[in-house]
Amino acid sequence: MDWEAQLKLQAYLDGELPEAERRRLEATLAQGGQSSLLLAELRQTREALAGFEKEIQMPESREFFWSKIEREIRRQESPARVPAPVSWAARLRRLLVPASTVALLAIAGFLTIRNDGSSLLPGGTEMETALTDTGAFTYRDYSAGTTLVWLSYPAENEPDDDEDAVTLQ
Amino acid sequence: MTENNHSSADDPALVRAAQQGDMEAFEELVGRHRDKIFARAYSMMRNEEEAIDLSQEAWVKGWQRLRQFQGEASFGTWMTRIVINLCLDQIRRQKRHRTESIEELDEASGGVERQMPVVIVNPTSGLERAELRQRIDRALGQLSYEHRTVLVLHEFEEMEYKEIARTMGCSIGTVMSRLFYARRKLAALLADLKKQD
């Protein structure tokens, strides 16, 4: 029996063969032989499987199984937790807190420096910061007659060089 | 609908109540069809834990999609299709992580089923139902996923060739070939089990 004939035999068993082919095959089957034996085997297998699933039972009790399903349904139906929207007042507070801290530190630093030129620092030294240009600091040592000016970035309209500190005698 | 009404109501009435959000009606439907849904998952997966998880997932999906159920088929059939699709998804995921089985290689290289001798004596005759079930269980477990799935969809779900082909995403020729192999292999396995006794 060739492969096609075997598959046709199966299709015949499953009722999937067109009418004309079914009649031709029945004529062949009437003569007996290998095709009849194969058909009998296929039929036996099909009959053995009949009703097989009906005897399979869920091993978990109805109550326990349902409790798991119900819990999962409720879990999936509960709204997803999204972060609460941030109010404008809260956003403003977030900005003001660090800003006011910086401002307080700047005032505290400013108050440590006397306006009359004397310094709170020991050894007759003085440190100044210009509020208009917070990137520049000046250190003046009267005893040594030295003044140091720190520039944290190149000043505007000046050539850009790598010197961060300029020493004035 | 009261609890007493639930147990006496038919499936369509329970479905309508469940579609309105009546969870107790749905619980009754689960109670009625849970064995069938589990059996289908177990036939396809051959693993009890996996079958329980997949049938549970099918019921959760069933609840979520209940409004889509229009009653073209019975509720049991509709639920069975959900669990079959979940099993097929799971099989596809597992297939990505394993190599081809010997059966698949046989199929690809021409198929040993063409040369198998015909089992003349019925290997299941004279067996008690429980023993027969046990033997079929063992034999089904020795088939590859592909062959078992085709067999389950055809024999238990009573799908036609073209429907199986659509569900599994393969040709009708492949379905016929796999089904033929699965049946012949099963017959040979059952005969072997009989000889061992």
# chains A, B, ... in the order shown; residues from 1 in each chain; ligands from 1
call {"tool": "residues_around", "arguments": {"residues": "region 70-78 of chain B", "least_positions_apart": "5", "cutoff": "10 Å", "atoms": "only C-alpha atoms", "output": "PyMOL selection string"}}
result
chain B and resi 11-12+14-16+29-30+32-34+36-37+62+83+157
call {"tool": "interface_residues", "arguments": {"of": "chain B", "to": "chain A", "cutoff": "9 Å", "atoms": "only C-alpha atoms", "output": "ChimeraX atom specification"}}
result
/B:23,27,30-31,34-40,42-43,48,52,56-57,59-61,63-64,114,118-124,130,132-133,136-137,155-156,160-161,176-177,179-180,183-184,186-187,190
call {"tool": "atom_distance", "arguments": {"atom1": "CA of Trp150 (chain A)", "atom2": "CA of Phe137 (chain A)"}}
result
5.0 Å
call {"tool": "atom_distance", "arguments": {"atom1": "CA of Gly141 (chain B)", "atom2": "CA of Lys185 (chain B)"}}
result
11.5 Å
